[in-house]
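First up is the structure itself, then whatever we jot down about it.
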Amino acid sequence: QVQLVESGGGLVQPGGSLRLSCAASGFGFSVYDMKWYRQAPGKERELVATSTSPGGSTIYADSVKGRFTISRDNAKNTLYLQMNSLKPEDTAVYYCNVRRRGSDYWGQGTQVTVSS
C-alpha cells in the first residue's frame, strides 16, 4: 500500500534552515506529481510546493517562493523540501502528498517550529 513518511522537522531560529524528507513506497514514485503541504494551528492545510512528473517542473506558493526548494530523487523514492530563511509564520506541520487513482495519500507529518 501507499506509504509516505516525513522526517527532518524541528525547532529552528528565524533565518535558519531545515531540510525535510519524505520517503515513499507502495507506488511508482517517479511518475507521480508530489506535493508538500503545511497546516498551522487553527488554519487550513496549505499547498506549499509541487514537483511534477514527468517533466520535473516545480511550483511554489507565493509565501515561500525564493526561500523553499522542492526536489526529488526518483532512484531513492524520496521527496525533499529545502527551507531557507525561515520565518515564524512558517511554523506548521508539514505533510507530503500524492494523488493516485483519484485518492489523496498523506504522511503523518513533521513539525516545524520557527522561534527564537
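Please note that chains go A, B, ... in the order of the C-alpha cells, that every chain numbers its residues from 1, and that ligands are numbered from 1 in the order shown.
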
Residues near segment 8-25 of chain A, cut-off 10 Å, only C-alpha atoms, skip fewer than 5 positions along chain, as a tab-separated table (two decimals) with all heavy atoms, in the first residue's frame:
```
chain	number	residue	atom	x	y	z
A	1	GLN	N	0.85	-1.18	0.00
A	1	GLN	CA	0.00	0.00	0.00
A	1	GLN	C	0.89	1.24	0.00
A	1	GLN	O	2.07	1.18	0.33
A	1	GLN	CB	-0.92	0.01	1.23
A	1	GLN	CG	-0.23	0.27	2.55
A	1	GLN	CD	0.37	-0.97	3.17
A	1	GLN	OE1	0.67	-1.94	2.45
A	1	GLN	NE2	0.59	-0.96	4.46
A	2	VAL	N	0.26	2.37	-0.34
A	2	VAL	CA	1.00	3.63	-0.39
A	2	VAL	C	1.41	4.04	1.02
A	2	VAL	O	0.61	4.03	1.96
A	2	VAL	CB	0.13	4.73	-1.01
A	2	VAL	CG1	0.83	6.08	-0.92
A	2	VAL	CG2	-0.20	4.39	-2.46
A	3	GLN	N	2.69	4.36	1.16
A	3	GLN	CA	3.19	4.88	2.43
A	3	GLN	C	4.06	6.10	2.17
A	3	GLN	O	4.88	6.09	1.25
A	3	GLN	CB	4.00	3.83	3.18
A	3	GLN	CG	3.16	2.78	3.87
A	3	GLN	CD	3.94	1.99	4.91
A	3	GLN	OE1	5.09	1.65	4.69
A	3	GLN	NE2	3.31	1.70	6.03
A	34	MET	N	4.33	15.10	-6.93
A	34	MET	CA	4.42	15.03	-5.47
A	34	MET	C	4.32	16.44	-4.91
A	34	MET	O	4.84	17.39	-5.52
A	34	MET	CB	5.74	14.39	-5.04
A	34	MET	CG	5.91	12.93	-5.43
A	34	MET	SD	4.73	11.84	-4.64
A	34	MET	CE	5.12	12.08	-2.91
A	36	TRP	N	4.20	19.10	-1.24
A	36	TRP	CA	4.33	19.41	0.17
A	36	TRP	C	3.19	20.37	0.55
A	36	TRP	O	2.97	21.38	-0.13
A	36	TRP	CB	5.66	20.08	0.48
A	36	TRP	CG	6.83	19.15	0.50
A	36	TRP	CD1	7.76	18.98	-0.48
A	36	TRP	CD2	7.21	18.28	1.57
A	36	TRP	NE1	8.70	18.06	-0.09
A	36	TRP	CE2	8.38	17.60	1.17
A	36	TRP	CE3	6.68	17.99	2.83
A	36	TRP	CZ2	9.03	16.67	1.98
A	36	TRP	CZ3	7.33	17.06	3.62
A	36	TRP	CH2	8.49	16.41	3.20
A	67	ARG	N	12.51	31.05	-1.17
A	67	ARG	CA	13.08	30.58	0.11
A	67	ARG	C	13.09	29.05	0.20
A	67	ARG	O	13.99	28.47	0.81
A	67	ARG	CB	12.28	31.13	1.29
A	67	ARG	CG	12.26	32.64	1.36
A	67	ARG	CD	11.60	33.14	2.65
A	67	ARG	NE	10.21	32.73	2.76
A	67	ARG	CZ	9.73	31.99	3.76
A	67	ARG	NH1	10.52	31.57	4.73
A	67	ARG	NH2	8.43	31.68	3.79
A	68	PHE	N	12.08	28.41	-0.37
A	68	PHE	CA	11.95	26.95	-0.31
A	68	PHE	C	12.27	26.35	-1.68
A	68	PHE	O	11.98	26.95	-2.71
A	68	PHE	CB	10.53	26.54	0.07
A	68	PHE	CG	10.14	26.83	1.49
A	68	PHE	CD1	10.90	27.64	2.33
A	68	PHE	CD2	8.96	26.29	2.00
A	68	PHE	CE1	10.52	27.90	3.62
A	68	PHE	CE2	8.55	26.54	3.30
A	68	PHE	CZ	9.33	27.35	4.11
A	69	THR	N	12.83	25.15	-1.65
A	69	THR	CA	13.12	24.41	-2.88
A	69	THR	C	12.64	22.97	-2.73
A	69	THR	O	13.08	22.27	-1.81
A	69	THR	CB	14.62	24.42	-3.20
A	69	THR	OG1	15.08	25.77	-3.32
A	69	THR	CG2	14.89	23.69	-4.51
A	70	ILE	N	11.75	22.54	-3.62
A	70	ILE	CA	11.30	21.16	-3.65
A	70	ILE	C	12.16	20.39	-4.65
A	70	ILE	O	12.50	20.92	-5.72
A	70	ILE	CB	9.80	21.06	-4.01
A	70	ILE	CG1	9.29	19.63	-3.85
A	70	ILE	CG2	9.52	21.60	-5.41
A	70	ILE	CD1	7.76	19.52	-3.99
A	71	SER	N	12.52	19.17	-4.28
A	71	SER	CA	13.29	18.33	-5.19
A	71	SER	C	12.94	16.87	-4.91
A	71	SER	O	12.26	16.56	-3.93
A	71	SER	CB	14.79	18.56	-5.02
A	71	SER	OG	15.21	18.23	-3.71
A	72	ARG	N	13.38	16.01	-5.79
A	72	ARG	CA	13.08	14.59	-5.64
A	72	ARG	C	14.25	13.76	-6.15
A	72	ARG	O	14.96	14.17	-7.06
A	72	ARG	CB	11.80	14.24	-6.39
A	72	ARG	CG	11.88	14.44	-7.89
A	72	ARG	CD	10.50	14.49	-8.54
A	72	ARG	NE	9.76	13.24	-8.38
A	72	ARG	CZ	8.44	13.13	-8.53
A	72	ARG	NH1	7.71	14.20	-8.83
A	72	ARG	NH2	7.85	11.96	-8.40
A	73	ASP	N	14.40	12.58	-5.55
A	73	ASP	CA	15.37	11.60	-6.00
A	73	ASP	C	14.58	10.35	-6.37
A	73	ASP	O	14.17	9.59	-5.48
A	73	ASP	CB	16.40	11.30	-4.91
A	73	ASP	CG	17.51	10.38	-5.37
A	73	ASP	OD1	17.28	9.58	-6.30
A	73	ASP	OD2	18.59	10.43	-4.79
A	74	ASN	N	14.32	10.18	-7.65
A	74	ASN	CA	13.48	9.06	-8.08
A	74	ASN	C	14.14	7.70	-7.83
A	74	ASN	O	13.45	6.70	-7.65
A	74	ASN	CB	13.11	9.21	-9.55
A	74	ASN	CG	12.11	10.32	-9.79
A	74	ASN	OD1	11.35	10.70	-8.90
A	74	ASN	ND2	12.10	10.87	-10.99
A	76	LYS	N	15.75	6.97	-5.18
A	76	LYS	CA	15.57	6.68	-3.76
A	76	LYS	C	14.11	6.79	-3.33
A	76	LYS	O	13.80	6.62	-2.14
A	76	LYS	CB	16.43	7.63	-2.91
A	76	LYS	CG	17.91	7.45	-3.09
A	76	LYS	CD	18.68	8.39	-2.18
A	76	LYS	CE	20.19	8.18	-2.33
A	76	LYS	NZ	20.95	9.10	-1.43
A	77	ASN	N	13.22	7.10	-4.27
A	77	ASN	CA	11.79	7.28	-3.94
A	77	ASN	C	11.61	8.27	-2.79
A	77	ASN	O	10.84	8.04	-1.85
A	77	ASN	CB	11.14	5.94	-3.57
A	77	ASN	CG	10.95	5.04	-4.76
A	77	ASN	OD1	11.14	5.44	-5.90
A	77	ASN	ND2	10.59	3.79	-4.51
A	78	THR	N	12.32	9.38	-2.88
A	78	THR	CA	12.31	10.36	-1.80
A	78	THR	C	12.08	11.76	-2.33
A	78	THR	O	12.67	12.16	-3.34
A	78	THR	CB	13.64	10.30	-1.01
A	78	THR	OG1	13.82	8.98	-0.50
A	78	THR	CG2	13.61	11.27	0.16
A	79	LEU	N	11.22	12.48	-1.63
A	79	LEU	CA	10.90	13.87	-1.91
A	79	LEU	C	11.54	14.74	-0.83
A	79	LEU	O	11.59	14.33	0.34
A	79	LEU	CB	9.38	14.06	-1.91
A	79	LEU	CG	8.83	15.44	-2.21
A	79	LEU	CD1	9.00	15.76	-3.70
A	79	LEU	CD2	7.37	15.53	-1.81
A	80	TYR	N	12.03	15.91	-1.23
A	80	TYR	CA	12.69	16.81	-0.27
A	80	TYR	C	12.06	18.19	-0.31
A	80	TYR	O	11.45	18.60	-1.31
A	80	TYR	CB	14.17	16.95	-0.62
A	80	TYR	CG	14.93	15.64	-0.63
A	80	TYR	CD1	15.21	14.99	-1.83
A	80	TYR	CD2	15.37	15.07	0.56
A	80	TYR	CE1	15.91	13.79	-1.84
A	80	TYR	CE2	16.06	13.87	0.56
A	80	TYR	CZ	16.33	13.24	-0.65
A	80	TYR	OH	17.02	12.05	-0.65
A	81	LEU	N	12.23	18.91	0.79
A	81	LEU	CA	11.88	20.33	0.83
A	81	LEU	C	12.99	21.04	1.60
A	81	LEU	O	13.11	20.88	2.81
A	81	LEU	CB	10.53	20.56	1.48
A	81	LEU	CG	10.02	22.00	1.42
A	81	LEU	CD1	9.70	22.40	-0.02
A	81	LEU	CD2	8.79	22.20	2.31
A	82	GLN	N	13.80	21.79	0.87
A	82	GLN	CA	14.83	22.62	1.50
A	82	GLN	C	14.21	23.96	1.85
A	82	GLN	O	13.70	24.66	0.96
A	82	GLN	CB	16.01	22.81	0.55
A	82	GLN	CG	17.11	23.71	1.09
A	82	GLN	CD	17.83	23.10	2.27
A	82	GLN	OE1	18.17	21.91	2.27
A	82	GLN	NE2	18.07	23.90	3.29
A	83	MET	N	14.26	24.31	3.12
A	83	MET	CA	13.63	25.53	3.60
A	83	MET	C	14.70	26.45	4.16
A	83	MET	O	15.37	26.10	5.14
A	83	MET	CB	12.59	25.20	4.67
A	83	MET	CG	11.55	24.19	4.21
A	83	MET	SD	10.23	23.94	5.41
A	83	MET	CE	11.16	23.24	6.76
A	84	ASN	N	14.87	27.60	3.54
A	84	ASN	CA	15.85	28.60	3.98
A	84	ASN	C	15.15	29.87	4.42
A	84	ASN	O	13.97	30.08	4.12
A	84	ASN	CB	16.82	28.91	2.83
A	84	ASN	CG	17.61	27.70	2.38
A	84	ASN	OD1	17.91	26.80	3.16
A	84	ASN	ND2	17.96	27.66	1.10
A	85	SER	N	15.88	30.71	5.12
A	85	SER	CA	15.34	31.99	5.59
A	85	SER	C	13.98	31.81	6.27
A	85	SER	O	13.02	32.52	5.98
A	85	SER	CB	15.21	32.97	4.41
A	85	SER	OG	16.45	33.16	3.78
A	86	LEU	N	13.93	30.86	7.16
A	86	LEU	CA	12.66	30.52	7.80
A	86	LEU	C	12.14	31.67	8.66
A	86	LEU	O	12.92	32.41	9.29
A	86	LEU	CB	12.81	29.26	8.62
A	86	LEU	CG	12.81	27.96	7.78
A	86	LEU	CD1	13.42	26.81	8.56
A	86	LEU	CD2	11.40	27.63	7.34
A	87	LYS	N	10.82	31.79	8.67
A	87	LYS	CA	10.13	32.83	9.42
A	87	LYS	C	9.19	32.18	10.44
A	87	LYS	O	8.74	31.04	10.24
A	87	LYS	CB	9.30	33.69	8.46
A	87	LYS	CG	10.08	34.30	7.31
A	87	LYS	CD	9.15	35.03	6.35
A	87	LYS	CE	9.90	35.63	5.18
A	87	LYS	NZ	8.98	36.36	4.25
A	88	PRO	N	8.83	32.92	11.49
A	88	PRO	CA	7.88	32.34	12.46
A	88	PRO	C	6.58	31.88	11.80
A	88	PRO	O	5.99	30.88	12.25
A	88	PRO	CB	7.65	33.51	13.42
A	88	PRO	CG	8.93	34.28	13.38
A	88	PRO	CD	9.39	34.20	11.95
A	89	GLU	N	6.15	32.56	10.76
A	89	GLU	CA	4.90	32.16	10.09
A	89	GLU	C	5.03	30.88	9.28
A	89	GLU	O	4.04	30.38	8.75
A	89	GLU	CB	4.37	33.30	9.20
A	89	GLU	CG	5.39	33.87	8.22
A	89	GLU	CD	6.06	35.14	8.76
A	89	GLU	OE1	6.42	35.17	9.96
A	89	GLU	OE2	6.23	36.08	7.94
A	90	ASP	N	6.23	30.33	9.17
A	90	ASP	CA	6.41	29.02	8.54
A	90	ASP	C	6.14	27.88	9.52
A	90	ASP	O	6.14	26.71	9.12
A	90	ASP	CB	7.83	28.88	7.99
A	90	ASP	CG	8.13	29.84	6.87
A	90	ASP	OD1	7.27	30.03	5.99
A	90	ASP	OD2	9.24	30.42	6.86
A	91	THR	N	5.91	28.22	10.79
A	91	THR	CA	5.63	27.20	11.79
A	91	THR	C	4.35	26.45	11.43
A	91	THR	O	3.30	27.05	11.23
A	91	THR	CB	5.48	27.84	13.18
A	91	THR	OG1	6.75	28.40	13.56
A	91	THR	CG2	5.03	26.82	14.21
A	92	ALA	N	4.47	25.13	11.34
A	92	ALA	CA	3.34	24.30	10.93
A	92	ALA	C	3.77	22.83	10.95
A	92	ALA	O	4.96	22.52	11.10
A	92	ALA	CB	2.89	24.65	9.51
A	93	VAL	N	2.79	21.95	10.79
A	93	VAL	CA	3.08	20.56	10.49
A	93	VAL	C	3.14	20.43	8.97
A	93	VAL	O	2.23	20.89	8.27
A	93	VAL	CB	2.02	19.61	11.06
A	93	VAL	CG1	2.35	18.16	10.70
A	93	VAL	CG2	1.94	19.77	12.58
A	94	TYR	N	4.21	19.84	8.47
A	94	TYR	CA	4.43	19.70	7.04
A	94	TYR	C	4.15	18.26	6.62
A	94	TYR	O	4.62	17.31	7.27
A	94	TYR	CB	5.86	20.09	6.68
A	94	TYR	CG	6.07	21.60	6.69
A	94	TYR	CD1	6.10	22.30	7.88
A	94	TYR	CD2	6.22	22.31	5.50
A	94	TYR	CE1	6.26	23.68	7.89
A	94	TYR	CE2	6.39	23.68	5.49
A	94	TYR	CZ	6.40	24.36	6.71
A	94	TYR	OH	6.56	25.73	6.71
A	95	TYR	N	3.38	18.13	5.53
A	95	TYR	CA	2.96	16.83	5.03
A	95	TYR	C	3.36	16.67	3.56
A	95	TYR	O	3.23	17.63	2.78
A	95	TYR	CB	1.44	16.70	5.08
A	95	TYR	CG	0.82	16.83	6.44
A	95	TYR	CD1	0.43	18.07	6.94
A	95	TYR	CD2	0.60	15.71	7.24
A	95	TYR	CE1	-0.16	18.19	8.18
A	95	TYR	CE2	0.00	15.82	8.49
A	95	TYR	CZ	-0.37	17.06	8.95
A	95	TYR	OH	-0.96	17.18	10.18
A	96	CYS	N	3.78	15.48	3.19
A	96	CYS	CA	3.90	15.21	1.76
A	96	CYS	C	2.64	14.50	1.28
A	96	CYS	O	1.91	13.89	2.09
A	96	CYS	CB	5.16	14.45	1.41
A	96	CYS	SG	5.29	12.81	2.09
A	97	ASN	N	2.39	14.62	0.01
A	97	ASN	CA	1.11	14.17	-0.56
A	97	ASN	C	1.32	13.63	-1.97
A	97	ASN	O	2.12	14.16	-2.73
A	97	ASN	CB	0.14	15.34	-0.60
A	97	ASN	CG	-1.05	15.11	-1.52
A	97	ASN	OD1	-1.00	15.42	-2.70
A	97	ASN	ND2	-2.11	14.56	-0.97
A	98	VAL	N	0.55	12.60	-2.27
A	98	VAL	CA	0.44	12.12	-3.65
A	98	VAL	C	-1.03	11.81	-3.92
A	98	VAL	O	-1.74	11.32	-3.04
A	98	VAL	CB	1.32	10.87	-3.89
A	98	VAL	CG1	0.87	9.68	-3.06
A	98	VAL	CG2	1.34	10.52	-5.38
A	107	GLY	N	1.34	11.54	4.54
A	107	GLY	CA	2.16	11.01	5.60
A	107	GLY	C	1.63	11.47	6.95
A	107	GLY	O	0.59	12.14	7.04
A	109	GLY	N	3.16	13.56	8.88
A	109	GLY	CA	3.56	14.94	9.09
A	109	GLY	C	4.80	15.07	9.96
A	109	GLY	O	5.14	14.18	10.73
A	110	THR	N	5.48	16.20	9.80
A	110	THR	CA	6.63	16.52	10.63
A	110	THR	C	6.52	17.97	11.08
A	110	THR	O	6.22	18.86	10.26
A	110	THR	CB	7.95	16.25	9.89
A	110	THR	OG1	9.07	16.43	10.78
A	110	THR	CG2	8.14	17.13	8.66
A	111	GLN	N	6.72	18.22	12.35
A	111	GLN	CA	6.51	19.55	12.94
A	111	GLN	C	7.72	20.44	12.67
A	111	GLN	O	8.87	20.04	12.95
A	111	GLN	CB	6.29	19.44	14.44
A	111	GLN	CG	6.18	20.78	15.16
A	111	GLN	CD	4.89	21.51	14.85
A	111	GLN	OE1	3.80	20.93	14.91
A	111	GLN	NE2	4.99	22.80	14.52
A	112	VAL	N	7.46	21.62	12.16
A	112	VAL	CA	8.48	22.66	12.01
A	112	VAL	C	8.07	23.84	12.87
A	112	VAL	O	6.97	24.37	12.73
A	112	VAL	CB	8.62	23.09	10.54
A	112	VAL	CG1	9.54	24.31	10.41
A	112	VAL	CG2	9.15	21.93	9.70
A	113	THR	N	8.96	24.23	13.77
A	113	THR	CA	8.71	25.37	14.64
A	113	THR	C	9.84	26.38	14.46
A	113	THR	O	11.02	26.03	14.64
A	113	THR	CB	8.63	24.94	16.11
A	113	THR	OG1	7.60	23.97	16.26
A	113	THR	CG2	8.32	26.13	17.00
A	114	VAL	N	9.46	27.61	14.10
A	114	VAL	CA	10.44	28.68	13.90
A	114	VAL	C	10.23	29.70	15.01
A	114	VAL	O	9.22	30.39	15.06
A	114	VAL	CB	10.28	29.33	12.52
A	114	VAL	CG1	11.39	30.37	12.30
A	114	VAL	CG2	10.30	28.28	11.43
A	115	SER	N	11.20	29.76	15.90
A	115	SER	CA	11.06	30.61	17.07
A	115	SER	C	12.42	30.92	17.65
A	115	SER	O	13.33	30.09	17.61
A	115	SER	CB	10.19	29.91	18.12
A	115	SER	OG	10.13	30.67	19.32
A	116	SER	N	12.52	32.11	18.23
A	116	SER	CA	13.76	32.47	18.91
A	116	SER	C	13.65	32.16	20.40
A	116	SER	O	14.60	32.38	21.15
A	116	SER	CB	14.07	33.96	18.70
A	116	SER	OG	12.96	34.75	19.09
```

Review point. Excluding same-chain residues fewer than 5 positions from Arg100 of chain A, what lies within 10 Å of it counting only C-alpha atoms, as a PyMOL selection string?
Key: chain A and resi 2+27-28+32-33+105

Would you export the selected residues with N, CA and C atoms as an mmCIF file, in the first residue's frame, please?
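Written output follows (out-v2.cif):
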```cif
data_model
loop_
_atom_site.group_PDB
_atom_site.id
_atom_site.type_symbol
_atom_site.label_atom_id
_atom_site.label_comp_id
_atom_site.auth_asym_id
_atom_site.auth_seq_id
_atom_site.Cartn_x
_atom_site.Cartn_y
_atom_site.Cartn_z
ATOM 1 N N VAL A 2 0.261 2.369 -0.342
ATOM 2 C CA VAL A 2 0.998 3.631 -0.387
ATOM 3 C C VAL A 2 1.414 4.037 1.024
ATOM 4 N N PHE A 27 4.054 2.605 -4.512
ATOM 5 C CA PHE A 27 3.548 3.104 -5.786
ATOM 6 C C PHE A 27 4.726 3.554 -6.637
ATOM 7 N N GLY A 28 4.468 3.819 -7.921
ATOM 8 C CA GLY A 28 5.517 4.237 -8.839
ATOM 9 C C GLY A 28 5.883 5.694 -8.657
ATOM 10 N N TYR A 32 4.622 10.182 -10.622
ATOM 11 C CA TYR A 32 3.563 10.972 -9.997
ATOM 12 C C TYR A 32 4.047 12.361 -9.588
ATOM 13 N N ASP A 33 3.141 13.349 -9.716
ATOM 14 C CA ASP A 33 3.371 14.634 -9.081
ATOM 15 C C ASP A 33 3.398 14.420 -7.567
ATOM 16 N N TYR A 105 -3.153 10.639 -0.680
ATOM 17 C CA TYR A 105 -2.423 9.931 0.369
ATOM 18 C C TYR A 105 -1.511 10.928 1.083
#
```

Review point. Residues of chain A in strand (DSSP E or B) according to DSSP, as a PyMOL selection string?
Key: chain A and resi 3-7+10-12+18-25+34-39+46-51+58-60+68-73+78-83+92-100+103-106+110-114

Exercise for review: Give me, please, the distance in Å between atom CA of Ile59 of chain A and atom CA of Lys35 of chain A, quoted to one decimal.
Suggested key: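 Atom CA of Ile59 of chain A sits 9.3 Å away from atom CA of Lys35 of chain A.
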
Check your understanding: Just how far from atom CA of Val48 of chain A is atom CA of Ala61 of chain A, in Å to one decimal?
Key ->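 About the pair atom CA of Ala61 of chain A and atom CA of Val48 of chain A: they are 5.2 Å apart.
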
Review point. For the atom pair atom CA of Lys65 of chain A and atom CA of Ala49 of chain A, what is the interatomic distance in Å to one decimal place?
Key: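 Atom CA of Ala49 of chain A lies 9.0 Å from atom CA of Lys65 of chain A.
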